[in-house]
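**Student:** Enclosed is the structure file query28.txt (compact mmCIF, C-alpha atoms).
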# COMPACT_ATOMS: atom_id res chain seq x y z
CA MET W 1 88.62 -65.25 -32.25
CA PHE W 2 90.21 -62.94 -29.75
CA GLU W 3 93.18 -62.99 -27.42
CA LEU W 4 92.61 -63.85 -23.75
CA GLU W 5 93.82 -60.33 -22.85
CA GLN W 6 90.81 -58.91 -24.75
CA LEU W 7 88.28 -60.82 -22.67
CA ASN W 8 85.94 -58.53 -20.75
CA ILE W 9 82.62 -58.58 -18.93
CA GLU W 10 80.59 -57.75 -22.08
CA ILE W 11 82.07 -60.65 -24.07
CA ILE W 12 81.30 -63.04 -21.19
CA LYS W 13 77.70 -61.76 -20.92
CA GLN W 14 77.17 -62.14 -24.68
CA TYR W 15 78.59 -65.67 -24.66
CA LEU W 16 76.42 -66.80 -21.74
CA MET W 17 73.31 -65.19 -23.28
CA LYS W 18 74.02 -67.08 -26.51
CA LEU W 19 74.07 -70.35 -24.52
CA ILE W 20 70.74 -69.52 -22.85
CA ASN W 21 69.23 -68.64 -26.25
CA LYS W 22 70.37 -72.03 -27.56
CA GLY W 23 68.18 -73.65 -24.90
CA LEU W 24 70.63 -74.52 -22.13
CA SER W 25 69.13 -74.36 -18.64
CA SER W 26 70.15 -71.57 -16.29
CA SER W 27 71.80 -74.08 -13.93
CA ILE W 28 74.05 -75.41 -16.74
CA VAL W 29 74.95 -71.89 -17.85
CA GLN W 30 75.72 -71.00 -14.22
CA SER W 31 78.08 -74.00 -14.06
CA ILE W 32 79.80 -72.89 -17.27
CA LYS W 33 80.19 -69.39 -15.82
CA ASN W 34 81.79 -70.86 -12.68
CA VAL W 35 84.28 -72.88 -14.76
CA LEU W 36 85.17 -69.83 -16.86
CA LYS W 37 85.68 -67.82 -13.69
CA ALA W 38 87.99 -70.45 -12.16
CA ILE W 39 90.08 -70.67 -15.35
CA TYR W 40 90.28 -66.91 -15.79
CA ILE W 41 91.28 -66.30 -12.15
CA THR W 42 94.16 -68.75 -12.59
CA TYR W 43 95.41 -66.88 -15.66
CA GLU W 44 94.74 -63.54 -13.99
CA ASP W 45 97.03 -64.49 -11.09
CA GLN W 46 99.76 -66.07 -13.23
CA TYR W 47 99.89 -63.64 -16.16
CA GLY W 48 98.57 -60.40 -14.69
CA LEU W 49 95.45 -60.19 -16.86
CA ASN W 50 92.89 -57.46 -16.18
CA HIS W 51 90.56 -58.31 -13.32
CA ILE W 52 87.02 -59.30 -14.33
CA ASN W 53 84.33 -59.16 -11.67
CA PHE W 54 82.28 -62.26 -12.55
CA SER W 55 79.67 -61.38 -9.89
CA LEU W 56 78.43 -58.69 -12.29
CA VAL W 57 77.27 -61.45 -14.66
CA LYS W 58 73.87 -62.56 -13.40
CA ILE W 59 72.20 -65.70 -14.69
CA GLU W 60 68.45 -65.55 -14.14
CA GLN W 61 67.11 -68.79 -12.75
CA ASP W 62 64.53 -70.64 -14.81
CA LYS W 63 61.10 -69.94 -13.41
CA LYS W 64 59.34 -73.17 -12.59
CA GLU W 65 55.60 -73.09 -12.84
CA ASN W 66 53.84 -74.75 -9.97
CA GLU W 67 52.17 -77.94 -11.03
CA TYR W 68 48.89 -78.84 -9.40
CA LEU W 69 47.29 -82.24 -9.20
CA THR W 70 43.86 -82.73 -10.65
CA ASP W 71 41.29 -84.35 -8.35
CA LYS W 72 41.79 -87.62 -10.21
CA GLN W 73 45.60 -87.46 -9.83
CA PHE W 74 45.23 -86.53 -6.15
CA ASN W 75 43.02 -89.57 -5.53
CA GLN W 76 45.35 -91.88 -7.50
CA LEU W 77 48.38 -90.69 -5.53
CA HIS W 78 46.49 -91.06 -2.24
CA GLN W 79 45.35 -94.61 -3.07
CA TYR W 80 48.87 -95.60 -4.13
CA CYS W 81 50.41 -94.27 -0.91
CA MET W 82 47.79 -95.98 1.26
CA LYS W 83 48.95 -99.36 -0.11
CA GLU W 84 52.66 -98.76 0.53
CA LYS W 85 54.06 -98.67 4.07
CA ASN W 86 57.23 -96.60 3.83
CA ASP W 87 58.61 -93.23 4.85
CA ILE W 88 58.00 -91.56 1.48
CA CYS W 89 54.35 -92.60 1.26
CA LEU W 90 53.78 -91.70 4.90
CA SER W 91 55.23 -88.22 4.27
CA ILE W 92 53.00 -87.74 1.23
CA LEU W 93 49.93 -88.84 3.18
CA LEU W 94 50.78 -86.52 6.08
CA ALA W 95 51.06 -83.60 3.66
CA MET W 96 47.89 -84.52 1.74
CA ASP W 97 45.69 -85.35 4.74
CA THR W 98 46.90 -82.84 7.34
CA GLY W 99 48.61 -80.01 5.42
CA MET W 100 51.80 -80.45 7.45
CA MET W 101 54.97 -78.84 6.13
CA ILE W 102 58.06 -80.92 5.38
CA GLY W 103 60.01 -79.41 8.29
CA GLU W 104 57.21 -80.42 10.67
CA MET W 105 57.05 -83.97 9.31
CA CYS W 106 60.80 -84.49 9.61
CA ALA W 107 60.78 -83.31 13.25
CA LEU W 108 57.94 -85.66 14.27
CA LYS W 109 58.83 -88.43 16.66
CA VAL W 110 56.74 -91.54 17.08
CA SER W 111 55.89 -90.25 20.57
CA ASP W 112 54.19 -87.20 18.95
CA ILE W 113 51.51 -89.52 17.53
CA ASP W 114 48.70 -90.18 20.01
CA LEU W 115 46.55 -92.91 18.49
CA ASP W 116 44.31 -93.08 21.58
CA LYS W 117 43.28 -89.44 21.15
CA GLN W 118 43.78 -89.60 17.36
CA LEU W 119 46.07 -86.55 17.43
CA ILE W 120 49.45 -85.56 16.00
CA HIS W 121 51.25 -83.13 18.29
CA ILE W 122 53.34 -80.54 16.43
CA SER W 123 55.90 -79.03 18.82
CA LYS W 124 59.10 -78.96 16.77
CA ARG W 125 60.30 -78.12 13.31
CA THR W 126 63.38 -79.11 11.33
CA GLN W 127 65.29 -76.59 9.29
CA ARG W 128 68.24 -76.93 6.93
CA ILE W 129 71.15 -74.71 7.91
CA LYS W 130 74.61 -74.17 6.47
CA ASN W 131 77.38 -75.46 8.68
CA ASP W 132 80.90 -75.51 7.28
CA GLU W 133 82.33 -76.91 10.52
CA GLU W 134 80.53 -80.21 9.99
CA GLY W 135 82.21 -80.68 6.60
CA SER W 136 78.83 -80.54 4.93
CA LYS W 137 76.99 -77.71 3.23
CA THR W 138 73.79 -78.36 5.14
CA VAL W 139 72.84 -79.88 8.45
CA TYR W 140 69.44 -80.19 10.07
CA ASP W 141 68.55 -78.21 13.16
CA ILE W 142 65.49 -79.02 15.26
CA TYR W 143 63.85 -76.26 17.23
CA GLU W 144 60.79 -75.75 19.39
CA VAL W 145 57.89 -73.92 17.79
CA GLU W 146 55.30 -71.53 19.16
CA TRP W 147 51.68 -70.87 18.30
CA PRO W 148 50.32 -70.96 15.58
CA ILE W 149 52.77 -73.67 14.46
CA LEU W 150 52.50 -75.36 17.87
CA ARG W 151 49.26 -77.28 17.53
CA ASP W 152 47.48 -80.64 17.58
CA ILE W 153 46.15 -82.08 14.33
CA THR W 154 43.29 -84.55 14.27
CA ILE W 155 44.27 -87.71 12.42
CA PRO W 156 41.84 -88.43 9.56
CA LYS W 157 40.27 -91.91 9.57
CA GLU W 158 42.22 -93.46 6.67
CA LEU W 159 45.51 -92.04 7.93
CA PHE W 160 44.71 -93.36 11.41
CA PHE W 161 44.56 -96.96 10.15
CA TYR W 162 47.71 -96.42 8.07
CA LEU W 163 49.57 -95.11 11.14
CA GLN W 164 48.37 -98.02 13.28
CA GLU W 165 50.10 -100.46 10.91
CA TYR W 166 53.13 -98.26 10.26
CA LEU W 167 53.88 -97.71 13.95
CA ASP W 168 53.96 -101.45 14.63
CA TYR W 169 57.36 -101.59 12.92
CA VAL W 170 58.91 -98.40 14.32
CA ASP W 171 60.83 -97.88 17.57
CA LYS W 172 59.02 -95.46 19.89
CA ASP W 173 62.08 -93.18 20.31
CA CYS W 174 62.67 -92.74 16.56
CA TYR W 175 61.76 -89.92 14.24
CA LEU W 176 58.62 -90.90 12.38
CA THR W 177 59.75 -90.49 8.78
CA SER W 178 63.33 -91.72 9.16
CA CYS W 179 62.65 -94.61 11.60
CA GLN W 180 66.00 -93.68 13.18
CA ASP W 181 67.29 -91.35 15.88
CA VAL W 182 68.20 -88.77 13.22
CA VAL W 183 65.78 -86.72 11.12
CA SER W 184 64.99 -87.49 7.48
CA ASP W 185 66.86 -85.70 4.75
CA PHE W 186 64.49 -83.20 3.06
CA THR W 187 65.90 -83.94 -0.38
CA LYS W 188 65.38 -87.70 0.06
CA LEU W 189 61.68 -87.09 0.72
CA GLN W 190 61.40 -84.65 -2.19
CA ARG W 191 63.13 -87.10 -4.56
CA GLY W 192 60.80 -89.83 -3.35
CA LEU W 193 57.77 -87.69 -4.16
CA ASP W 194 59.14 -86.93 -7.63
CA ARG W 195 59.75 -90.64 -8.25
CA ILE W 196 56.23 -91.65 -7.16
CA GLY W 197 54.66 -88.73 -9.03
Write out the structure in this file as structure tokens.

**Tutor:**
Amino acid sequence: MFELEQLNIEIIKQYLMKLINKGLSSSIVQSIKNVLKAIYITYEDQYGLNHINFSLVKIEQDKKENEYLTDKQFNQLHQYCMKEKNDICLSILLAMDTGMMIGEMCALKVSDIDLDKQLIHISKRTQRIKNDEEGSKTVYDIYEVEWPILRDITIPKELFFYLQEYLDYVDKDCYLTSCQDVVSDFTKLQRGLDRIG
């Protein structure tokens, strides 16, 4: 044991490394570091302890390996989504069949789908931005895109029939994946994919 006055950057680094070596994830260790920092700053202010610059303690994020679907898994996921008419399955199908990015999908309005010409018109993109004024860490901003993002995508046959049914239940002025006049939350779509996967 040591006195709080003896605490320094090296002791903190060693402690956090010990937690990582015990198998705790980098996000948990980062949370522990943040709690330690908050406690120490309180004591630093009240009792005049030596200042410790916690920003010098870096926690390396766990590297996630990309997981790829096998052909069989791809086909199973595609077949499952074709049977379900909801925003999550539609988003998955759009990504699988057209290669659209999540920001493009979220910015799509029903009016961007031309079933007569069998085209999806990509003219906007949604992006998450920080905005402290809104009282929220992130808000969604929609902006016009230019070539090469500005483009028309041919709707594949299976997706065409899916969209025909899906659009019967959606207001023409809505965003496609939220079915409302506001864009879908990226994390909701990502969680939905994880759940289905």

**Student:** For atom CA of W:Asn50 and atom CA of W:Leu19, quote the distance in Å rounded to one decimal.

**Tutor:** 24.3 Å

**Student:** Between atom CA of W:Tyr143 and atom CA of W:Asp171, what is the distance, to one decimal in Å?

**Tutor:**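 Between these atoms lies a distance of 21.8 Å.
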
**Student:** With distances taken over only C-alpha atoms, which of W:His78, W:Cys174, W:Val182, W:Ile153 is nearest to W:Ile92?

**Tutor:**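 Under the stated criterion, the closest residue is W:His78.
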
**Student:** Residues within 12 Å of W:Gln14, please, as a PyMOL selection string. Count only C-alpha atoms; anything in the same chain fewer than 6 positions from it doesn't count.

**Tutor:** chain W and resi 7-8+20-21+33+57-59

**Student:** Closest to W:Lys109 among W:Val29, W:Leu77, W:Leu24, W:Leu167, using all atoms listed in the file?

**Tutor:** W:Leu167

**Student:** Residues near W:Leu193, anyone? I mean within 9 Å using all atoms listed in the file, not counting same-chain ones fewer than 6 positions away, as a PyMOL selection string.

**Tutor:** chain W and resi 88-89+91-92

**Student:** As an exercise, work out the distance from atom CA of W:Cys81 to atom CA of W:Met96 in Å and give it to one decimal place.

**Tutor:** 10.4 Å

**Student:** Could you write stretch 181-192 of chain W as an mmCIF file, in the coordinates of the input, with all heavy atoms rebuilt where they are missing?

**Tutor:**
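The new file out-v9.cif reads:
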data_model
loop_
_atom_site.group_PDB
_atom_site.id
_atom_site.type_symbol
_atom_site.label_atom_id
_atom_site.label_comp_id
_atom_site.auth_asym_id
_atom_site.auth_seq_id
_atom_site.Cartn_x
_atom_site.Cartn_y
_atom_site.Cartn_z
ATOM 1 N N ASP W 181 67.194 -92.432 14.894
ATOM 2 C CA ASP W 181 67.290 -91.350 15.880
ATOM 3 C C ASP W 181 67.827 -90.061 15.267
ATOM 4 O O ASP W 181 68.211 -89.144 15.979
ATOM 5 C CB ASP W 181 68.131 -91.782 17.084
ATOM 6 C CG ASP W 181 69.537 -92.187 16.706
ATOM 7 O OD1 ASP W 181 69.864 -92.192 15.503
ATOM 8 O OD2 ASP W 181 70.341 -92.493 17.620
ATOM 9 N N VAL W 182 67.858 -90.005 13.940
ATOM 10 C CA VAL W 182 68.200 -88.770 13.220
ATOM 11 C C VAL W 182 67.047 -88.432 12.280
ATOM 12 O O VAL W 182 66.322 -89.318 11.832
ATOM 13 C CB VAL W 182 69.516 -88.892 12.405
ATOM 14 C CG1 VAL W 182 70.707 -89.037 13.329
ATOM 15 C CG2 VAL W 182 69.453 -90.046 11.419
ATOM 16 N N VAL W 183 66.903 -87.136 11.974
ATOM 17 C CA VAL W 183 65.780 -86.720 11.120
ATOM 18 C C VAL W 183 66.010 -87.124 9.676
ATOM 19 O O VAL W 183 67.144 -87.348 9.242
ATOM 20 C CB VAL W 183 65.562 -85.186 11.197
ATOM 21 C CG1 VAL W 183 65.199 -84.772 12.600
ATOM 22 C CG2 VAL W 183 66.769 -84.424 10.697
ATOM 23 N N SER W 184 64.922 -87.185 8.921
ATOM 24 C CA SER W 184 64.990 -87.490 7.480
ATOM 25 C C SER W 184 65.643 -86.339 6.737
ATOM 26 O O SER W 184 65.517 -85.181 7.120
ATOM 27 C CB SER W 184 63.588 -87.681 6.901
ATOM 28 O OG SER W 184 63.022 -88.864 7.363
ATOM 29 N N ASP W 185 66.288 -86.684 5.650
ATOM 30 C CA ASP W 185 66.860 -85.700 4.750
ATOM 31 C C ASP W 185 65.725 -85.155 3.873
ATOM 32 O O ASP W 185 65.013 -85.914 3.227
ATOM 33 C CB ASP W 185 67.920 -86.399 3.887
ATOM 34 C CG ASP W 185 68.639 -85.462 2.949
ATOM 35 O OD1 ASP W 185 68.117 -84.370 2.664
ATOM 36 O OD2 ASP W 185 69.736 -85.828 2.495
ATOM 37 N N PHE W 186 65.555 -83.821 3.862
ATOM 38 C CA PHE W 186 64.490 -83.200 3.060
ATOM 39 C C PHE W 186 64.556 -83.663 1.610
ATOM 40 O O PHE W 186 63.546 -83.996 1.007
ATOM 41 C CB PHE W 186 64.649 -81.678 3.051
ATOM 42 C CG PHE W 186 64.223 -80.983 4.311
ATOM 43 C CD1 PHE W 186 64.092 -81.648 5.510
ATOM 44 C CD2 PHE W 186 63.965 -79.623 4.287
ATOM 45 C CE1 PHE W 186 63.716 -80.983 6.669
ATOM 46 C CE2 PHE W 186 63.584 -78.945 5.436
ATOM 47 C CZ PHE W 186 63.466 -79.635 6.630
ATOM 48 N N THR W 187 65.767 -83.644 1.045
ATOM 49 C CA THR W 187 65.900 -83.940 -0.380
ATOM 50 C C THR W 187 65.522 -85.389 -0.687
ATOM 51 O O THR W 187 64.996 -85.673 -1.752
ATOM 52 C CB THR W 187 67.327 -83.657 -0.888
ATOM 53 O OG1 THR W 187 68.268 -84.336 -0.053
ATOM 54 C CG2 THR W 187 67.627 -82.175 -0.873
ATOM 55 N N LYS W 188 65.768 -86.297 0.266
ATOM 56 C CA LYS W 188 65.380 -87.700 0.060
ATOM 57 C C LYS W 188 63.854 -87.792 -0.075
ATOM 58 O O LYS W 188 63.341 -88.478 -0.961
ATOM 59 C CB LYS W 188 65.855 -88.553 1.237
ATOM 60 C CG LYS W 188 65.413 -90.005 1.119
ATOM 61 C CD LYS W 188 65.663 -90.770 2.398
ATOM 62 C CE LYS W 188 65.016 -92.139 2.306
ATOM 63 N NZ LYS W 188 64.666 -92.714 3.570
ATOM 64 N N LEU W 189 63.142 -87.075 0.794
ATOM 65 C CA LEU W 189 61.680 -87.090 0.720
ATOM 66 C C LEU W 189 61.191 -86.439 -0.571
ATOM 67 O O LEU W 189 60.271 -86.940 -1.216
ATOM 68 C CB LEU W 189 61.080 -86.380 1.932
ATOM 69 C CG LEU W 189 61.327 -87.030 3.301
ATOM 70 C CD1 LEU W 189 60.685 -86.214 4.403
ATOM 71 C CD2 LEU W 189 60.827 -88.463 3.339
ATOM 72 N N GLN W 190 61.820 -85.331 -0.965
ATOM 73 C CA GLN W 190 61.400 -84.650 -2.190
ATOM 74 C C GLN W 190 61.673 -85.514 -3.422
ATOM 75 O O GLN W 190 60.839 -85.594 -4.327
ATOM 76 C CB GLN W 190 62.122 -83.299 -2.298
ATOM 77 C CG GLN W 190 61.591 -82.300 -1.294
ATOM 78 C CD GLN W 190 62.483 -81.095 -1.097
ATOM 79 O OE1 GLN W 190 63.675 -81.133 -1.374
ATOM 80 N NE2 GLN W 190 61.912 -80.019 -0.602
ATOM 81 N N ARG W 191 62.829 -86.189 -3.443
ATOM 82 C CA ARG W 191 63.130 -87.100 -4.560
ATOM 83 C C ARG W 191 62.140 -88.243 -4.609
ATOM 84 O O ARG W 191 61.723 -88.694 -5.671
ATOM 85 C CB ARG W 191 64.561 -87.615 -4.471
ATOM 86 C CG ARG W 191 65.623 -86.635 -4.932
ATOM 87 C CD ARG W 191 66.953 -87.334 -5.150
ATOM 88 N NE ARG W 191 67.414 -88.040 -3.979
ATOM 89 C CZ ARG W 191 68.223 -87.538 -3.053
ATOM 90 N NH1 ARG W 191 68.645 -86.297 -3.155
ATOM 91 N NH2 ARG W 191 68.595 -88.262 -2.020
ATOM 92 N N GLY W 192 61.774 -88.746 -3.422
ATOM 93 C CA GLY W 192 60.800 -89.830 -3.350
ATOM 94 C C GLY W 192 59.455 -89.418 -3.915
ATOM 95 O O GLY W 192 58.810 -90.184 -4.643
#
